[in-house]
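Engineer: This is query_35.txt, which holds compact mmCIF, C-alpha atoms:
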```
# COMPACT_ATOMS: atom_id res chain seq x y z
CA MET A 23 -162.81 91.94 61.98
CA ALA A 24 -164.43 88.53 62.34
CA ILE A 25 -165.45 87.11 65.71
CA ILE A 26 -164.86 83.37 66.32
CA GLU A 27 -167.44 81.55 68.48
CA TYR A 28 -167.85 77.95 69.69
CA VAL A 29 -171.27 76.46 68.80
CA ARG A 30 -172.77 73.08 69.76
CA THR A 31 -176.17 73.39 68.06
CA PRO A 32 -176.19 74.21 64.34
CA THR A 33 -178.68 76.80 63.09
CA LYS A 34 -180.41 77.03 59.71
CA GLU A 35 -177.92 79.76 58.80
CA LEU A 36 -175.04 77.36 59.54
CA PHE A 37 -176.65 74.53 57.54
CA ASP A 38 -177.07 76.91 54.61
CA LEU A 39 -173.39 77.85 54.72
CA LEU A 40 -172.38 74.17 55.05
CA ARG A 41 -174.39 73.31 51.95
CA GLY A 42 -173.03 76.35 50.11
CA CYS A 43 -169.42 75.40 50.82
CA PHE A 44 -169.93 71.67 50.12
CA PRO A 45 -172.79 71.53 47.57
CA PHE A 46 -171.95 68.05 46.28
CA SER A 47 -171.58 66.26 49.59
CA GLY A 48 -174.33 65.08 51.87
CA VAL A 49 -174.00 67.36 54.87
CA ARG A 50 -174.46 65.29 58.02
CA VAL A 51 -174.28 66.61 61.54
CA ARG A 52 -173.88 64.08 64.32
CA PRO A 53 -175.16 64.64 67.88
CA ASP A 54 -171.58 64.93 69.20
CA ASP A 55 -170.45 67.43 66.52
CA SER A 56 -169.30 70.93 67.34
CA PHE A 57 -168.44 74.06 65.38
CA PHE A 58 -166.33 77.13 65.54
CA VAL A 59 -168.02 79.83 63.49
CA ALA A 60 -166.79 83.16 62.18
CA ARG A 61 -169.13 86.14 62.15
CA GLU A 62 -168.70 89.61 60.78
CA ASN A 63 -171.30 92.27 61.53
CA GLY A 64 -173.53 89.47 62.80
CA ALA A 65 -173.42 87.50 59.54
CA LEU A 66 -172.07 83.93 59.50
CA ILE A 67 -169.08 83.87 57.13
CA GLY A 68 -167.16 80.68 57.99
CA PHE A 69 -167.06 77.51 60.07
CA ALA A 70 -164.95 74.62 61.27
CA HIS A 71 -167.08 71.48 61.76
CA PHE A 72 -165.61 68.74 63.95
CA THR A 73 -166.42 65.72 66.08
CA ASP A 74 -164.83 65.81 69.52
CA LYS A 75 -164.11 62.30 70.81
CA ASN A 76 -160.79 60.87 72.02
CA LYS A 77 -159.48 62.22 68.72
CA ILE A 78 -160.77 65.27 66.87
CA TYR A 79 -162.24 64.55 63.43
CA LEU A 80 -162.33 67.71 61.33
CA ARG A 81 -165.43 67.25 59.17
CA GLY A 82 -165.24 70.48 57.22
CA LEU A 83 -163.73 73.93 57.08
CA GLY A 84 -165.56 76.44 54.95
CA ILE A 85 -165.44 80.16 54.29
CA SER A 86 -168.03 82.20 52.40
CA HIS A 87 -166.56 82.94 48.96
CA VAL A 88 -166.17 86.72 49.39
CA TYR A 89 -164.25 86.28 52.68
CA ARG A 90 -161.65 83.78 51.45
CA ASN A 91 -157.91 84.50 51.56
CA GLN A 92 -158.29 86.83 54.55
CA GLY A 93 -156.99 84.53 57.30
CA LEU A 94 -160.34 83.09 58.45
CA GLY A 95 -159.34 79.51 57.71
CA THR A 96 -156.22 80.01 59.81
CA ALA A 97 -158.27 81.52 62.65
CA LEU A 98 -160.90 78.75 62.58
CA LEU A 99 -158.39 75.90 62.34
CA GLY A 100 -156.35 77.54 65.09
CA ALA A 101 -159.44 77.54 67.32
CA VAL A 102 -159.92 73.80 66.70
CA VAL A 103 -156.24 73.04 67.38
CA GLU A 104 -156.37 75.03 70.62
CA HIS A 105 -159.65 73.35 71.63
CA CYS A 106 -158.22 69.85 71.13
CA GLY A 107 -155.60 70.36 73.82
CA GLY A 108 -152.93 68.26 72.12
CA ARG A 109 -155.21 65.39 71.07
CA GLU A 110 -154.85 63.97 67.58
CA ILE A 111 -156.78 65.70 64.79
CA ILE A 112 -157.71 63.72 61.67
CA LEU A 113 -159.15 65.16 58.45
CA THR A 114 -159.74 64.25 54.83
CA THR A 115 -159.34 66.72 51.99
CA GLU A 116 -159.32 66.63 48.21
CA THR A 117 -155.82 66.34 46.80
CA ALA A 118 -156.61 69.13 44.33
CA ASN A 119 -157.63 71.57 47.09
CA LEU A 120 -154.15 73.06 47.24
CA SER A 121 -155.08 76.01 49.47
CA ALA A 122 -156.51 73.63 52.09
CA VAL A 123 -153.51 71.29 51.90
CA LYS A 124 -151.19 74.29 52.29
CA LEU A 125 -153.15 75.50 55.34
CA TYR A 126 -153.05 72.07 56.98
CA HIS A 127 -149.31 71.74 56.35
CA LYS A 128 -148.81 75.20 57.89
CA PHE A 129 -150.32 73.83 61.12
CA GLY A 130 -148.10 70.73 61.02
CA PHE A 131 -150.53 68.18 59.59
CA ALA A 132 -148.86 65.25 57.85
CA THR A 133 -150.32 63.08 55.12
CA HIS A 134 -151.35 59.78 56.66
CA LYS A 135 -152.73 58.02 53.58
CA THR A 136 -154.31 58.62 50.20
CA SER A 137 -157.56 57.35 48.75
CA ASN A 138 -159.13 57.24 45.32
CA ARG A 139 -162.40 55.69 46.46
CA MET A 140 -164.52 58.74 45.59
CA GLY A 141 -161.82 60.80 43.92
CA PRO A 142 -158.27 61.68 44.94
CA TYR A 143 -158.24 62.44 48.68
CA LEU A 144 -155.65 62.80 51.40
CA GLN A 145 -156.16 61.77 54.97
CA MET A 146 -154.06 64.05 57.16
CA LYS A 147 -153.21 63.95 60.85
CA LEU A 148 -151.92 66.33 63.44
CA SER A 149 -150.77 64.52 66.51
CA PRO A 150 -148.40 65.06 69.38
CA PHE A 151 -146.22 62.41 67.71
CA ASN A 152 -145.89 64.10 64.25
```
Go ahead and express the file in the form of C-alpha cells.

Structural biologist:
Amino acid sequence: MAIIEYVRTPTKELFDLLRGCFPFSGVRVRPDDSFFVARENGALIGFAHFTDKNKIYLRGLGISHVYRNQGLGTALLGAVVEHCGGREIILTTETANLSAVKLYHKFGFATHKTSNRMGPYLQMKLSPFN
C-alpha cells in the first residue's frame, strides 16, 4: 500500500524519477513548485508535480513503470485536486497518452485547447465552472 506525502523540496531521488518518467523533456522545478509523492516500503514510486498560484498548474504526473495501472495516478491526482480547494487546475498532456487523458476525464477535466507546436498536445482544465 503506497503512502502519499506532500513535499516542497525535491530530492535527488525525486529528480531521478522525474527524469525517468519524462526522459525527453527538460525537467525544470520552479521555487514555488510542490509535489505529492507516493512511496512504498520507503521507495519513491510516483509523483504529481504542480505549481500552486491562484490557479494550479499540473506540471507532471509520473509513476514508476512497475507500479502503473494500480491506482497511484488516481491517488496522486486526487491529492492535488483536494489540495487546490476548488481552484482551477490546468495541465498539458500528449494527445496520444490515452491513459492520462482517460484519468483526467475521470476527474472532470475538459479539453480547453489543442496544440501542435511541439507535437499533438491537449491543454485541459478542471475548474469550478466546468

Engineer: CA of Asp54 in chain A and CA of Thr73 in chain A, how far apart in Å?

Structural biologist: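 If I compute the distance from CA of Thr73 in chain A to CA of Asp54 in chain A, I get 6.1 Å.
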
Engineer: Out of A:Lys34, A:Lys147, A:Arg52, A:Arg81, which residue has the shortest atom-to-atom distance to Ile111 in chain A when counting all atoms listed in the file?

Structural biologist: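 Result for the nearest residue to Ile111 in chain A: A:Lys147.
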
Engineer: Which protein, DNA or RNA residues are at most 12 Å from (-156.4, 69.2, 69.3) in the file's coordinates when you count all atoms listed in the file, listed as a PyMOL selection string?

Structural biologist: chain A and resi 72-80+99-113+129-131+147-150

Engineer: Export, as a short mmCIF file (atom, residue, chain, number, x, y, z; two decimals), in the frame of the given file, the selected residues with C-alpha atoms.

Structural biologist:
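See selection-v6.cif below for the written result:
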```cif
data_model
loop_
_atom_site.label_atom_id
_atom_site.label_comp_id
_atom_site.auth_asym_id
_atom_site.auth_seq_id
_atom_site.Cartn_x
_atom_site.Cartn_y
_atom_site.Cartn_z
CA PHE A 72 -165.61 68.74 63.95
CA THR A 73 -166.42 65.72 66.08
CA ASP A 74 -164.83 65.81 69.52
CA LYS A 75 -164.11 62.30 70.81
CA ASN A 76 -160.79 60.87 72.02
CA LYS A 77 -159.48 62.22 68.72
CA ILE A 78 -160.77 65.27 66.87
CA TYR A 79 -162.24 64.55 63.43
CA LEU A 80 -162.33 67.71 61.33
CA LEU A 99 -158.39 75.90 62.34
CA GLY A 100 -156.35 77.54 65.09
CA ALA A 101 -159.44 77.54 67.32
CA VAL A 102 -159.92 73.80 66.70
CA VAL A 103 -156.24 73.04 67.38
CA GLU A 104 -156.37 75.03 70.62
CA HIS A 105 -159.65 73.35 71.63
CA CYS A 106 -158.22 69.85 71.13
CA GLY A 107 -155.60 70.36 73.82
CA GLY A 108 -152.93 68.26 72.12
CA ARG A 109 -155.21 65.39 71.07
CA GLU A 110 -154.85 63.97 67.58
CA ILE A 111 -156.78 65.70 64.79
CA ILE A 112 -157.71 63.72 61.67
CA LEU A 113 -159.15 65.16 58.45
CA PHE A 129 -150.32 73.83 61.12
CA GLY A 130 -148.10 70.73 61.02
CA PHE A 131 -150.53 68.18 59.59
CA LYS A 147 -153.21 63.95 60.85
CA LEU A 148 -151.92 66.33 63.44
CA SER A 149 -150.77 64.52 66.51
CA PRO A 150 -148.40 65.06 69.38
#
```

Engineer: Nearest to Pro32 in chain A: which of A:Gly93, A:Gly84, A:Pro142, A:Pro53 is it, counting only C-alpha atoms?

Structural biologist: A:Pro53

Engineer: CA of Phe44 in chain A to CA of Leu94 in chain A: how many Å, to one decimal?

Structural biologist: 17.1 Å

Engineer: As an MDAnalysis selection string, please: the residues near Ile26 in chain A (cut-off 9 Å, all atoms listed in the file, same-chain neighbours under 5 positions excluded).

Structural biologist: chainID A and resid 58:61 69 97:98 101

Engineer: As an exercise, work out the distance from CA of Gly48 in chain A to CA of Lys124 in chain A in Å and give it to one decimal place.

Structural biologist: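 Calculated distance between CA of Gly48 in chain A and CA of Lys124 in chain A is 24.9 Å.
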
Engineer: Select, from A:Asn91, A:Thr96, A:Ser56, A:Ser86, the residue with the minimum atom-to-atom distance to His127 in chain A, counting all atoms listed in the file.

Structural biologist: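 For His127 in chain A, the nearest of the given residues is A:Thr96.
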
Engineer: Select, from A:Leu120, A:Val51, A:Leu83, A:Leu39, the residue with the minimum atom-to-atom distance to Ile67 in chain A, counting all atoms listed in the file.

Structural biologist: A:Leu39
